[in-house]
Each structure stands twice: as structure tokens, then as C-alpha cells.
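Participant: Contents of model_38.pdb (PDB, C-alpha atoms and all ligand atoms) are given next:
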```pdb
ATOM      1  CA  MET K   1     -10.279-240.628   5.470  1.00  0.00           C
ATOM      2  CA  GLN K   2     -10.273-238.016   8.167  1.00  0.00           C
ATOM      3  CA  ILE K   3     -11.141-238.527  11.810  1.00  0.00           C
ATOM      4  CA  THR K   4     -12.367-235.716  13.969  1.00  0.00           C
ATOM      5  CA  ALA K   5     -12.484-236.148  17.731  1.00  0.00           C
ATOM      6  CA  TYR K   6     -15.217-234.227  19.516  1.00  0.00           C
ATOM      7  CA  CYS K   7     -14.955-233.732  23.254  1.00  0.00           C
ATOM      8  CA  ARG K   8     -18.228-234.588  24.988  1.00  0.00           C
ATOM      9  CA  ASN K   9     -17.229-232.436  27.942  1.00  0.00           C
ATOM     10  CA  CYS K  10     -16.247-229.068  26.495  1.00  0.00           C
ATOM     11  CA  VAL K  11     -17.229-229.451  22.819  1.00  0.00           C
ATOM     12  CA  HIS K  12     -13.662-228.840  21.758  1.00  0.00           C
ATOM     13  CA  TYR K  13     -12.771-230.769  18.643  1.00  0.00           C
ATOM     14  CA  ALA K  14      -9.688-231.609  16.674  1.00  0.00           C
ATOM     15  CA  VAL K  15      -8.895-233.344  13.442  1.00  0.00           C
ATOM     16  CA  LEU K  16      -6.672-236.285  14.236  1.00  0.00           C
ATOM     17  CA  ASP K  17      -3.281-236.609  12.668  1.00  0.00           C
ATOM     18  CA  LEU K  18      -3.573-240.245  11.682  1.00  0.00           C
ATOM     19  CA  GLU K  19      -0.016-240.577  10.476  1.00  0.00           C
ATOM     20  CA  GLY K  20       1.236-238.965  13.652  1.00  0.00           C
ATOM     21  CA  LEU K  21      -0.846-241.319  15.776  1.00  0.00           C
ATOM     22  CA  ARG K  22       0.440-244.298  13.863  1.00  0.00           C
ATOM     23  CA  ASP K  23       3.993-243.112  14.471  1.00  0.00           C
ATOM     24  CA  LYS K  24       3.218-242.574  18.149  1.00  0.00           C
ATOM     25  CA  TYR K  25       1.314-245.756  18.947  1.00  0.00           C
ATOM     26  CA  GLY K  26       2.432-248.023  16.144  1.00  0.00           C
ATOM     27  CA  PRO K  27       0.424-249.898  13.532  1.00  0.00           C
ATOM     28  CA  ALA K  28      -1.316-251.956  16.264  1.00  0.00           C
ATOM     29  CA  VAL K  29      -3.643-249.044  16.829  1.00  0.00           C
ATOM     30  CA  ASN K  30      -6.228-249.161  14.132  1.00  0.00           C
ATOM     31  CA  ALA K  31      -8.314-246.033  13.969  1.00  0.00           C
ATOM     32  CA  MET K  32     -11.219-247.962  12.546  1.00  0.00           C
ATOM     33  CA  ASN K  33     -11.718-250.343  15.475  1.00  0.00           C
ATOM     34  CA  TRP K  34     -12.187-247.911  18.317  1.00  0.00           C
ATOM     35  CA  ASN K  35      -8.872-248.746  19.964  1.00  0.00           C
ATOM     36  CA  LEU K  36      -8.145-245.114  19.494  1.00  0.00           C
ATOM     37  CA  ALA K  37     -10.882-243.552  21.607  1.00  0.00           C
ATOM     38  CA  PRO K  38      -9.615-244.636  25.057  1.00  0.00           C
ATOM     39  CA  ARG K  39      -6.222-243.165  24.231  1.00  0.00           C
ATOM     40  CA  LEU K  40      -7.463-239.735  23.267  1.00  0.00           C
ATOM     41  CA  VAL K  41      -7.556-236.959  25.805  1.00  0.00           C
ATOM     42  CA  CYS K  42      -9.008-233.547  25.089  1.00  0.00           C
ATOM     43  CA  SER K  43      -6.224-231.025  24.750  1.00  0.00           C
ATOM     44  CA  LYS K  44      -8.404-228.380  26.345  1.00  0.00           C
ATOM     45  CA  CYS K  45     -10.056-229.943  29.402  1.00  0.00           C
ATOM     46  CA  LYS K  46      -7.879-233.075  29.672  1.00  0.00           C
ATOM     47  CA  ILE K  47     -10.932-235.285  29.938  1.00  0.00           C
ATOM     48  CA  ASN K  48     -11.017-238.561  28.048  1.00  0.00           C
ATOM     49  CA  LYS K  49     -14.447-238.565  26.487  1.00  0.00           C
ATOM     50  CA  PRO K  50     -13.956-238.276  22.771  1.00  0.00           C
ATOM     51  CA  GLU K  51     -16.543-238.955  20.162  1.00  0.00           C
ATOM     52  CA  LEU K  52     -14.930-239.938  16.891  1.00  0.00           C
ATOM     53  CA  ARG K  53     -16.446-238.995  13.581  1.00  0.00           C
ATOM     54  CA  TYR K  54     -15.166-240.383  10.340  1.00  0.00           C
ATOM     55  CA  THR K  55     -15.166-238.244   7.239  1.00  0.00           C
ATOM     56  CA  PRO K  56     -14.116-239.396   3.795  1.00  0.00           C
ATOM     57  CA  ASP K  57     -11.106-237.577   2.436  1.00  0.00           C
ATOM     58  CA  ALA K  58     -12.532-234.660   0.509  1.00  0.00           C
ATOM     59  CA  ASN K  59      -9.552-234.552  -1.804  1.00  0.00           C
ATOM     60  CA  LYS K  60     -10.001-238.153  -2.861  1.00  0.00           C
ATOM     61  CA  VAL K  61     -13.754-238.485  -3.026  1.00  0.00           C
ATOM     62  CA  SER K  62     -15.196-236.832  -6.088  1.00  0.00           C
ATOM     63  CA  GLY K  63     -17.813-234.237  -5.362  1.00  0.00           C
ATOM     64  CA  MET K  64     -17.217-234.192  -1.619  1.00  0.00           C
ATOM     65  CA  GLY K  65     -14.762-231.330  -1.479  1.00  0.00           C
ATOM     66  CA  LYS K  66     -15.994-227.800  -1.112  1.00  0.00           C
ATOM     67  CA  ALA K  67     -12.906-226.498  -2.871  1.00  0.00           C
ATOM     68  CA  VAL K  68     -13.629-228.544  -5.977  1.00  0.00           C
ATOM     69  CA  VAL K  69     -15.629-226.551  -8.477  1.00  0.00           C
ATOM     70  CA  ASN K  70     -17.831-228.625 -10.708  1.00  0.00           C
ATOM     71  CA  PRO K  71     -17.508-227.183 -14.224  1.00  0.00           C
ATOM     72  CA  TYR K  72     -20.756-228.820 -15.314  1.00  0.00           C
ATOM     73  CA  ALA K  73     -22.772-227.002 -12.669  1.00  0.00           C
ATOM     74  CA  LYS K  74     -21.631-223.686 -14.115  1.00  0.00           C
ATOM     75  CA  ALA K  75     -22.261-224.724 -17.713  1.00  0.00           C
ATOM     76  CA  LYS K  76     -25.793-225.756 -16.812  1.00  0.00           C
ATOM     77  CA  GLY K  77     -26.475-222.400 -15.214  1.00  0.00           C
ATOM     78  CA  ASP K  78     -25.509-220.540 -18.368  1.00  0.00           C
ATOM     79  CA  ARG K  79     -28.176-222.225 -20.462  1.00  0.00           C
TER      80      ARG K  79
HETATM   81 ZN    ZN K 101     -12.637-231.106  26.322  1.00  0.00          ZN
END
```
I'd like the structure from this file rewritten - as C-alpha cells, please.
Ligand SMILES: [Zn+2]
Facilitator:
Amino acid sequence: MQITAYCRNCVHYAVLDLEGLRDKYGPAVNAMNWNLAPRLVCSKCKINKPELRYTPDANKVSGMGKAVVNPYAKAKGDR
């Protein structure tokens, strides 16, 4: 799972370091229940208006990663 915070003010965005946030705020902050949003401040404009988007971890979800080459797709193309 990856969380990207988009700034509604300046369109700056950043991928959140979830482990870092957990170390900083403790396990009480659960990224999934929106406790996180009020704590996030844009590193560029310093305004607290993040929009959080959740993305499944591309390395763990089969077929989601762009770096993963599907060998079957190539084999099909050769026929
Ligand atoms: Zn911003």
C-alpha cells in the first residue's frame, strides 16, 4: 500500500513514508482512517489541504507494476 498526498493548493504531491510517519506519530495514527490528513502540511506551500490517494503496492500486487514484464504477453505476440 502506498499513499500519495496531493496538495489542493499548489498541486505539489509526495508519496508518504508510512514507516516514517508511524515512527513519528506512533501506531495510534492509522493511515487508513483519515487521522493522517489533518497532520499533513504541504512541504512546498505549507498549507494543510492534502488529498490522500491510496495505491496498492505495485511490487506486491500481481500485474499492477509497470516494471513487471508479463512473459505471456510476449509469447502471445509471437504467434
Ligand atoms: Zn502545496
Participant: Can you spell out as a list of chain:residue names the set of residues that the PyMOL selection byres (((chain K and resi 4) around 7) and not hetatm) selects in the structure I just provided?
Facilitator: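 Output from the PyMOL selection byres (((chain K and resi 4) around 7) and not hetatm), applied to this file: K:Gln2, K:Ile3, K:Ala5, K:Tyr6, K:Tyr13, K:Ala14, K:Val15, K:Leu16, K:Leu52, K:Arg53, K:Tyr54.
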Participant: Find the residues near ligand ZN 101 (chain K). Use a cut-off of 9 Å, count all atoms listed in the file, and write them as number ranges by chain.
Facilitator: K: 6-13, 41-50
Participant: One number please: CA of Arg39 in chain K to CA of Pro56 in chain K, in Å, one decimal.
Facilitator: 22.2 Å
